[in-house]
file input35.txt (compact mmCIF, C-alpha atoms)
# COMPACT_ATOMS: atom_id res chain seq x y z
CA ASP A 173 0.00 0.00 0.00
CA ALA A 174 1.10 3.54 -0.74
CA GLY A 175 2.31 5.37 2.33
CA ILE A 176 -0.50 7.79 3.04
CA THR A 177 -1.72 8.48 6.53
CA GLN A 178 -4.67 10.65 7.46
CA SER A 179 -5.21 11.96 10.95
CA PRO A 180 -7.46 11.95 12.79
CA ARG A 181 -9.56 9.10 11.40
CA HIS A 182 -12.67 10.26 13.22
CA LYS A 183 -13.59 13.61 14.71
CA VAL A 184 -16.66 15.20 16.20
CA THR A 185 -16.56 18.95 16.58
CA GLU A 186 -18.91 21.79 17.33
CA THR A 187 -20.21 24.36 14.88
CA GLY A 188 -17.97 27.40 14.67
CA THR A 189 -14.76 25.73 15.81
CA PRO A 190 -11.67 25.45 13.60
CA VAL A 191 -10.59 21.97 12.56
CA THR A 192 -7.40 20.79 10.88
CA LEU A 193 -7.02 17.48 9.11
CA ARG A 194 -3.59 16.16 8.25
CA CYS A 195 -2.40 14.08 5.33
CA HIS A 196 1.10 12.64 5.46
CA GLN A 197 2.79 10.74 2.61
CA THR A 198 6.05 8.85 2.40
CA GLU A 199 6.06 8.45 -1.42
CA ASN A 200 7.59 11.82 -2.30
CA HIS A 201 4.77 12.43 -4.79
CA ARG A 202 4.42 15.94 -6.11
CA TYR A 203 0.63 16.22 -6.17
CA MET A 204 -1.64 16.01 -3.14
CA TYR A 205 -5.41 16.41 -3.00
CA TRP A 206 -8.24 16.79 -0.53
CA TYR A 207 -11.63 15.42 -1.50
CA ARG A 208 -14.90 15.16 0.35
CA GLN A 209 -17.29 12.29 -0.21
CA ASP A 210 -21.02 12.69 0.26
CA PRO A 211 -23.84 10.33 -0.76
CA GLY A 212 -24.96 10.95 -4.32
CA HIS A 213 -22.03 13.26 -5.10
CA GLY A 214 -19.09 10.92 -5.45
CA LEU A 215 -15.82 12.60 -4.53
CA ARG A 216 -15.51 16.33 -4.98
CA LEU A 217 -12.21 18.14 -5.01
CA ILE A 218 -11.70 20.74 -2.27
CA HIS A 219 -8.11 21.86 -2.86
CA TYR A 220 -4.99 20.38 -4.33
CA SER A 221 -1.28 21.04 -4.30
CA TYR A 222 1.23 20.66 -7.10
CA GLY A 223 4.28 21.37 -4.99
CA VAL A 224 5.48 22.88 -1.74
CA LYS A 225 3.58 26.12 -1.17
CA ASP A 226 1.76 25.66 -4.49
CA THR A 227 -1.95 25.08 -4.04
CA ASP A 228 -5.13 25.70 -5.96
CA LYS A 229 -8.86 25.59 -5.37
CA GLY A 230 -11.11 22.79 -6.39
CA GLU A 231 -14.82 22.52 -6.98
CA VAL A 232 -15.95 22.98 -3.36
CA SER A 233 -13.29 25.15 -1.72
CA ASP A 234 -15.48 27.64 0.16
CA GLY A 235 -14.91 27.42 3.91
CA TYR A 236 -11.67 25.46 3.54
CA SER A 237 -8.02 26.41 3.40
CA VAL A 238 -4.91 24.33 2.89
CA SER A 239 -1.21 24.53 3.48
CA ARG A 240 1.76 22.57 2.23
CA SER A 241 5.02 23.62 3.87
CA LYS A 242 6.85 20.40 3.00
CA THR A 243 6.44 17.68 0.40
CA GLU A 244 5.09 15.06 2.76
CA ASP A 245 2.36 17.01 4.55
CA PHE A 246 -0.84 18.58 3.27
CA LEU A 247 -3.14 20.18 5.84
CA LEU A 248 -6.81 20.94 5.37
CA THR A 249 -8.35 23.53 7.70
CA LEU A 250 -12.01 24.26 8.22
CA GLU A 251 -11.82 27.78 9.50
CA SER A 252 -15.21 27.74 11.21
CA ALA A 253 -16.89 24.37 10.93
CA THR A 254 -20.52 24.15 9.81
CA SER A 255 -22.92 21.22 9.74
CA SER A 256 -22.72 21.17 5.93
CA GLN A 257 -19.08 20.17 6.30
CA THR A 258 -20.01 16.90 7.95
CA SER A 259 -18.51 14.44 5.50
CA VAL A 260 -15.84 11.88 4.87
CA TYR A 261 -12.60 13.50 3.76
CA PHE A 262 -10.05 11.71 1.62
CA CYS A 263 -6.50 12.68 0.88
CA ALA A 264 -4.91 11.46 -2.34
CA ILE A 265 -1.51 11.67 -3.98
CA THR A 266 -0.30 11.34 -7.56
CA GLU A 267 3.18 11.32 -8.98
CA THR A 268 2.26 13.46 -11.99
CA GLY A 269 -0.90 15.21 -13.12
CA ASP A 270 -2.41 12.24 -14.93
CA THR A 271 -1.17 9.17 -13.15
CA GLU A 272 -3.15 6.97 -10.82
CA ALA A 273 -4.06 8.33 -7.44
CA PHE A 274 -3.44 6.63 -4.13
CA PHE A 275 -5.89 7.36 -1.37
CA GLY A 276 -5.73 7.56 2.36
CA GLN A 277 -8.24 5.69 4.50
CA GLY A 278 -10.41 8.74 5.04
CA THR A 279 -11.41 10.96 7.95
CA ARG A 280 -15.00 10.94 9.11
CA LEU A 281 -15.84 14.43 10.37
CA THR A 282 -19.08 15.21 12.17
CA VAL A 283 -19.99 18.82 12.95
CA VAL A 284 -22.69 19.12 15.59
CA ALA B 266 -13.91 21.35 -18.83
CA GLN B 267 -13.91 17.63 -18.59
CA SER B 268 -16.71 15.66 -16.99
CA VAL B 269 -17.71 12.10 -16.20
CA THR B 270 -21.19 10.57 -16.19
CA GLN B 271 -21.90 7.22 -14.65
CA LEU B 272 -25.15 6.18 -16.20
CA ASP B 273 -26.44 4.00 -13.36
CA SER B 274 -26.43 4.90 -9.70
CA HIS B 275 -27.20 1.29 -8.72
CA VAL B 276 -26.72 -2.02 -10.52
CA SER B 277 -27.88 -5.37 -9.17
CA VAL B 278 -26.72 -8.71 -10.59
CA SER B 279 -26.81 -12.33 -9.55
CA GLU B 280 -23.62 -14.11 -8.61
CA GLY B 281 -22.04 -15.71 -11.68
CA THR B 282 -23.68 -13.34 -14.18
CA PRO B 283 -21.90 -10.60 -16.14
CA VAL B 284 -21.34 -7.11 -14.78
CA LEU B 285 -21.59 -3.93 -16.86
CA LEU B 286 -21.02 -0.52 -15.27
CA ARG B 287 -21.36 2.32 -17.72
CA CYS B 288 -19.29 5.49 -17.91
CA ASN B 289 -19.25 8.31 -20.43
CA TYR B 290 -16.82 11.19 -20.38
CA SER B 291 -16.31 14.49 -22.11
CA SER B 292 -12.86 15.68 -22.91
CA SER B 293 -11.18 17.91 -25.44
CA TYR B 294 -7.90 16.06 -25.01
CA SER B 295 -6.90 12.42 -25.04
CA PRO B 296 -7.81 11.69 -21.47
CA SER B 297 -6.43 9.36 -18.87
CA LEU B 298 -9.30 7.32 -17.47
CA PHE B 299 -9.54 5.21 -14.35
CA TRP B 300 -11.92 2.96 -12.47
CA TYR B 301 -11.73 2.82 -8.70
CA VAL B 302 -13.57 0.57 -6.28
CA GLN B 303 -14.61 1.39 -2.74
CA HIS B 304 -15.75 -1.32 -0.37
CA PRO B 305 -17.94 -0.24 2.57
CA ASN B 306 -16.09 1.96 5.05
CA LYS B 307 -12.86 1.61 3.12
CA GLY B 308 -10.65 3.86 1.02
CA LEU B 309 -10.49 3.76 -2.77
CA GLN B 310 -8.52 1.18 -4.70
CA LEU B 311 -7.49 1.41 -8.35
CA LEU B 312 -9.08 -1.26 -10.53
CA LEU B 313 -7.58 -0.27 -13.86
CA LYS B 314 -6.40 2.69 -15.93
CA TYR B 315 -6.31 3.79 -19.54
CA THR B 316 -3.48 6.06 -20.65
CA SER B 317 -3.61 5.96 -24.50
CA ALA B 318 -2.04 2.55 -24.98
CA ALA B 319 -4.28 -0.47 -25.69
CA THR B 320 -7.98 0.41 -25.80
CA LEU B 321 -8.94 -2.75 -23.91
CA VAL B 322 -7.58 -2.48 -20.41
CA LYS B 323 -7.40 -5.38 -17.99
CA GLY B 324 -7.51 -4.73 -14.28
CA ILE B 325 -7.51 -6.57 -11.03
CA ASN B 326 -10.07 -9.17 -9.93
CA GLY B 327 -11.11 -10.03 -13.49
CA PHE B 328 -12.40 -6.57 -14.41
CA GLU B 329 -11.70 -4.93 -17.74
CA ALA B 330 -12.75 -1.78 -19.54
CA GLU B 331 -12.75 -0.69 -23.16
CA PHE B 332 -11.95 2.85 -24.24
CA LYS B 333 -14.17 3.86 -27.18
CA LYS B 334 -13.28 7.30 -28.40
CA SER B 335 -16.11 7.46 -30.94
CA GLU B 336 -18.63 6.84 -28.17
CA THR B 337 -16.68 8.70 -25.45
CA SER B 338 -17.25 5.69 -23.25
CA PHE B 339 -15.17 3.66 -20.80
CA HIS B 340 -17.49 0.94 -19.55
CA LEU B 341 -16.37 -1.53 -16.90
CA THR B 342 -17.15 -5.22 -17.34
CA LYS B 343 -16.60 -8.54 -15.66
CA PRO B 344 -17.74 -11.88 -17.11
CA SER B 345 -18.90 -13.41 -13.84
CA ALA B 346 -19.81 -11.52 -10.67
CA HIS B 347 -18.65 -12.66 -7.27
CA MET B 348 -20.18 -11.75 -3.93
CA SER B 349 -16.98 -9.92 -3.02
CA ASP B 350 -17.54 -7.54 -5.96
CA ALA B 351 -20.34 -5.78 -4.08
CA ALA B 352 -19.01 -2.25 -3.64
CA GLU B 353 -19.21 1.24 -5.09
CA TYR B 354 -17.37 1.92 -8.33
CA PHE B 355 -16.12 5.27 -9.56
CA CYS B 356 -15.16 6.26 -13.07
CA VAL B 357 -12.52 9.00 -13.08
CA VAL B 358 -11.00 11.21 -15.77
CA SER B 359 -7.80 13.15 -15.39
CA ASP B 360 -8.42 16.80 -16.12
CA LEU B 361 -5.45 18.42 -17.79
CA ASP B 362 -7.63 20.90 -19.66
CA GLY B 363 -7.64 24.62 -18.92
CA GLY B 364 -4.52 24.52 -16.83
CA SER B 365 -6.05 22.47 -14.02
CA GLN B 366 -2.99 20.54 -13.17
CA GLY B 367 -3.75 17.03 -12.11
CA ASN B 368 -7.39 17.44 -11.19
CA LEU B 369 -9.11 14.06 -11.09
CA ILE B 370 -12.79 14.35 -11.95
CA PHE B 371 -14.98 11.70 -10.34
CA GLY B 372 -18.28 10.33 -11.48
CA LYS B 373 -21.00 10.10 -8.85
CA GLY B 374 -20.46 6.38 -8.42
CA THR B 375 -22.36 3.15 -9.14
CA LYS B 376 -23.27 0.84 -6.30
CA LEU B 377 -23.03 -2.78 -7.35
CA SER B 378 -25.12 -5.31 -5.48
CA VAL B 379 -24.55 -9.04 -6.00
CA LYS B 380 -27.32 -11.46 -5.13
CA PRO B 381 -26.57 -15.06 -4.20
call {"tool": "encode", "arguments": {"input": "input35.txt", "output": "structure tokens"}}
result
Amino acid sequence: DAGITQSPRHKVTETGTPVTLRCHQTENHRYMYWYRQDPGHGLRLIHYSYGVKDTDKGEVSDGYSVSRSKTEDFLLTLESATSSQTSVYFCAITETGDTEAFFGQGTRLTVV
Amino acid sequence: AQSVTQLDSHVSVSEGTPVLLRCNYSSSYSPSLFWYVQHPNKGLQLLLKYTSAATLVKGINGFEAEFKKSETSFHLTKPSAHMSDAAEYFCVVSDLDGGSQGNLIFGKGTKLSVKP
């Protein structure tokens, strides 16, 4: 299995609090992604990174920010969590822009 | 922009019968296409990928898919379903159009049920 670790795996938080999810890889892949998965929507891209300090928005970026200060770590922050951000979040990595993606095990976030 | 449409949200087959999961895409480039599988409460696993080599792509667990440019399709098939194939399947296109570097576009998924 590709070396991707997401933490935490489960989190319950209150509305209005900040939350940070971490994705750590040991593959030295250039591209890293954050997706959210919701029933009936498949996976939707939140943000992605194509190098250290290089990030861009995805389809559903409102309310989220990311940072990538080193190759192996990609952080997703919910600045002020809302109930609509209750979801399962997946981190993924790819070596280049069009190669296969490897996924983490997911983080189940519940905002109450 | 590129997009992916999975034509069935749910497919049900009997064990031992063929599986067909349909996927159409739109792309102004020669796309890279993938099928991923997700078992309940698990992450996503790559089944197979098409990257402009052979149009018939063989994957793991007996699955294969055929890239048909004229039909903009990339349907997933398996000759004989097994109970362990019950999962959700995602068709994915790599979006290199419009400067979106490395954006993977997911279909909404097809849930495959396998009856004994």
call {"tool": "closest_atom_pairs", "arguments": {"input": "input35.txt", "of": "chain A", "to": "chain B", "cutoff": "8 Å", "atoms": "only C-alpha atoms", "output": "tab-separated table"}}
result
residue	atom	partner	partner_atom	distance
A:Tyr203	CA	B:Gly367	CA	7.4
A:Gly212	CA	B:Lys373	CA	6.1
A:His213	CA	B:Lys373	CA	5.0
A:Gly214	CA	B:Lys373	CA	4.0
A:Leu215	CA	B:Phe371	CA	5.9
A:Arg216	CA	B:Phe371	CA	7.1
A:Leu217	CA	B:Asn368	CA	7.9
A:Tyr220	CA	B:Asn368	CA	7.8
A:Tyr222	CA	B:Gln366	CA	7.4
A:Phe262	CA	B:Gly308	CA	7.9
A:Thr268	CA	B:Gly367	CA	7.0
A:Gly269	CA	B:Gly367	CA	3.5
A:Asp270	CA	B:Ser359	CA	5.5
A:Thr271	CA	B:Ser297	CA	7.8
A:Glu272	CA	B:Lys314	CA	7.4
A:Ala273	CA	B:Leu311	CA	7.8
A:Phe274	CA	B:Gln310	CA	7.5
A:Phe275	CA	B:Leu309	CA	6.0
A:Gly276	CA	B:Gly308	CA	6.3
A:Gln277	CA	B:Gly308	CA	4.6
A:Gly278	CA	B:Gly308	CA	6.3
call {"tool": "atom_distance", "arguments": {"input": "input35.txt", "atom1": "CA of Pro180 in chain A", "atom2": "CA of Ser349 in chain B"}}
result
28.6 Å
call {"tool": "residues_around", "arguments": {"input": "input35.txt", "residues": "range 337-347 of chain B", "least_positions_apart": "5", "cutoff": "8 Å", "atoms": "only C-alpha atoms", "output": "mmCIF file with C-alpha atoms, keeping the file's coordinate frame"}}
result
data_model
loop_
_atom_site.group_PDB
_atom_site.id
_atom_site.type_symbol
_atom_site.label_atom_id
_atom_site.label_comp_id
_atom_site.auth_asym_id
_atom_site.auth_seq_id
_atom_site.Cartn_x
_atom_site.Cartn_y
_atom_site.Cartn_z
ATOM 1 C CA VAL B 278 -26.720 -8.710 -10.590
ATOM 2 C CA SER B 279 -26.810 -12.330 -9.550
ATOM 3 C CA GLU B 280 -23.620 -14.110 -8.610
ATOM 4 C CA GLY B 281 -22.040 -15.710 -11.680
ATOM 5 C CA THR B 282 -23.680 -13.340 -14.180
ATOM 6 C CA PRO B 283 -21.900 -10.600 -16.140
ATOM 7 C CA VAL B 284 -21.340 -7.110 -14.780
ATOM 8 C CA LEU B 285 -21.590 -3.930 -16.860
ATOM 9 C CA LEU B 286 -21.020 -0.520 -15.270
ATOM 10 C CA ARG B 287 -21.360 2.320 -17.720
ATOM 11 C CA CYS B 288 -19.290 5.490 -17.910
ATOM 12 C CA ASN B 289 -19.250 8.310 -20.430
ATOM 13 C CA TYR B 290 -16.820 11.190 -20.380
ATOM 14 C CA SER B 291 -16.310 14.490 -22.110
ATOM 15 C CA LEU B 298 -9.300 7.320 -17.470
ATOM 16 C CA TRP B 300 -11.920 2.960 -12.470
ATOM 17 C CA GLY B 327 -11.110 -10.030 -13.490
ATOM 18 C CA PHE B 328 -12.400 -6.570 -14.410
ATOM 19 C CA GLU B 329 -11.700 -4.930 -17.740
ATOM 20 C CA ALA B 330 -12.750 -1.780 -19.540
ATOM 21 C CA GLU B 331 -12.750 -0.690 -23.160
ATOM 22 C CA PHE B 332 -11.950 2.850 -24.240
ATOM 23 C CA VAL B 379 -24.550 -9.040 -6.000
#
call {"tool": "residues_around", "arguments": {"input": "input35.txt", "residues": "Phe246 in chain A", "least_positions_apart": "2", "cutoff": "12 Å", "atoms": "all atoms listed in the file", "output": "MDAnalysis selection string"}}
result
chainID A and resid 176:179 192:198 201:206 219:227 237:244 248:249 262:265
call {"tool": "closest_residue", "arguments": {"input": "input35.txt", "among": "A:Asn200, A:Pro190, A:Ser255, A:Lys183", "to": "Tyr236 in chain A", "atoms": "only C-alpha atoms"}}
result
A:Pro190
call {"tool": "atom_distance", "arguments": {"input": "input35.txt", "atom1": "CA of Val260 in chain A", "atom2": "CA of Asp228 in chain A"}}
result
20.6 Å
call {"tool": "closest_residue", "arguments": {"input": "input35.txt", "among": "B:Lys323, B:Lys376, B:Val302, B:Pro381", "to": "Leu272 in chain B", "atoms": "only C-alpha atoms"}}
result
B:Lys376
call {"tool": "atom_distance", "arguments": {"input": "input35.txt", "atom1": "CA of Gln257 in chain A", "atom2": "CA of Gln271 in chain B"}}
result
24.8 Å
call {"tool": "closest_residue", "arguments": {"input": "input35.txt", "among": "A:Gly188, A:Ile218, A:Gly230, A:Ser259", "to": "Thr282 in chain A", "atoms": "only C-alpha atoms"}}
result
A:Ser259
call {"tool": "closest_residue", "arguments": {"input": "input35.txt", "among": "A:Glu267, A:Asp245, A:Glu231, A:Glu251", "to": "Tyr207 in chain A", "atoms": "all atoms listed in the file"}}
result
A:Glu231
call {"tool": "residues_around", "arguments": {"input": "input35.txt", "residues": "Thr189 in chain A", "least_positions_apart": "5", "cutoff": "10 Å", "atoms": "all atoms listed in the file", "output": "short mmCIF file (atom, residue, chain, number, x, y, z; two decimals) with C-alpha atoms, in the coordinates of the input"}}
result
data_model
loop_
_atom_site.label_atom_id
_atom_site.label_comp_id
_atom_site.auth_asym_id
_atom_site.auth_seq_id
_atom_site.Cartn_x
_atom_site.Cartn_y
_atom_site.Cartn_z
CA LEU A 250 -12.01 24.26 8.22
CA GLU A 251 -11.82 27.78 9.50
CA SER A 252 -15.21 27.74 11.21
CA ALA A 253 -16.89 24.37 10.93
CA THR A 254 -20.52 24.15 9.81
CA VAL A 283 -19.99 18.82 12.95
#
call {"tool": "decode", "arguments": {"input": "input35.txt", "residues": "range 269-285 of chain B", "atoms": "N, CA and C atoms", "output": "short mmCIF file (atom, residue, chain, number, x, y, z; two decimals), in the first residue's frame"}}
result
data_model
loop_
_atom_site.label_atom_id
_atom_site.label_comp_id
_atom_site.auth_asym_id
_atom_site.auth_seq_id
_atom_site.Cartn_x
_atom_site.Cartn_y
_atom_site.Cartn_z
N VAL B 269 -17.49 13.54 -16.19
CA VAL B 269 -17.71 12.10 -16.20
C VAL B 269 -19.15 11.84 -15.79
N THR B 270 -19.83 10.95 -16.53
CA THR B 270 -21.19 10.57 -16.19
C THR B 270 -21.26 9.06 -16.03
N GLN B 271 -21.63 8.64 -14.86
CA GLN B 271 -21.90 7.22 -14.65
C GLN B 271 -23.40 7.04 -14.80
N LEU B 272 -23.78 6.20 -15.74
CA LEU B 272 -25.15 6.18 -16.20
C LEU B 272 -26.11 5.49 -15.24
N ASP B 273 -25.60 4.72 -14.31
CA ASP B 273 -26.44 4.00 -13.36
C ASP B 273 -25.95 4.27 -11.95
N SER B 274 -26.85 4.68 -11.08
CA SER B 274 -26.43 4.90 -9.70
C SER B 274 -26.39 3.57 -8.92
N HIS B 275 -27.16 2.58 -9.40
CA HIS B 275 -27.20 1.29 -8.72
C HIS B 275 -27.41 0.19 -9.76
N VAL B 276 -26.59 -0.85 -9.64
CA VAL B 276 -26.72 -2.02 -10.52
C VAL B 276 -26.80 -3.24 -9.63
N SER B 277 -27.73 -4.14 -9.93
CA SER B 277 -27.88 -5.37 -9.17
C SER B 277 -27.76 -6.56 -10.11
N VAL B 278 -26.90 -7.51 -9.77
CA VAL B 278 -26.72 -8.71 -10.59
C VAL B 278 -26.74 -9.92 -9.67
N SER B 279 -26.91 -11.07 -10.28
CA SER B 279 -26.81 -12.33 -9.55
C SER B 279 -25.38 -12.86 -9.64
N GLU B 280 -24.96 -13.53 -8.61
CA GLU B 280 -23.62 -14.11 -8.61
C GLU B 280 -23.46 -15.02 -9.83
N GLY B 281 -22.31 -14.89 -10.51
CA GLY B 281 -22.04 -15.71 -11.68
C GLY B 281 -22.49 -15.10 -12.99
N THR B 282 -23.23 -14.00 -12.95
CA THR B 282 -23.68 -13.34 -14.18
C THR B 282 -22.76 -12.17 -14.50
N PRO B 283 -22.81 -11.68 -15.76
CA PRO B 283 -21.90 -10.60 -16.14
C PRO B 283 -22.24 -9.27 -15.47
N VAL B 284 -21.21 -8.45 -15.33
CA VAL B 284 -21.34 -7.11 -14.78
C VAL B 284 -21.02 -6.10 -15.87
N LEU B 285 -21.85 -5.06 -15.96
CA LEU B 285 -21.59 -3.93 -16.86
C LEU B 285 -21.88 -2.65 -16.09
#
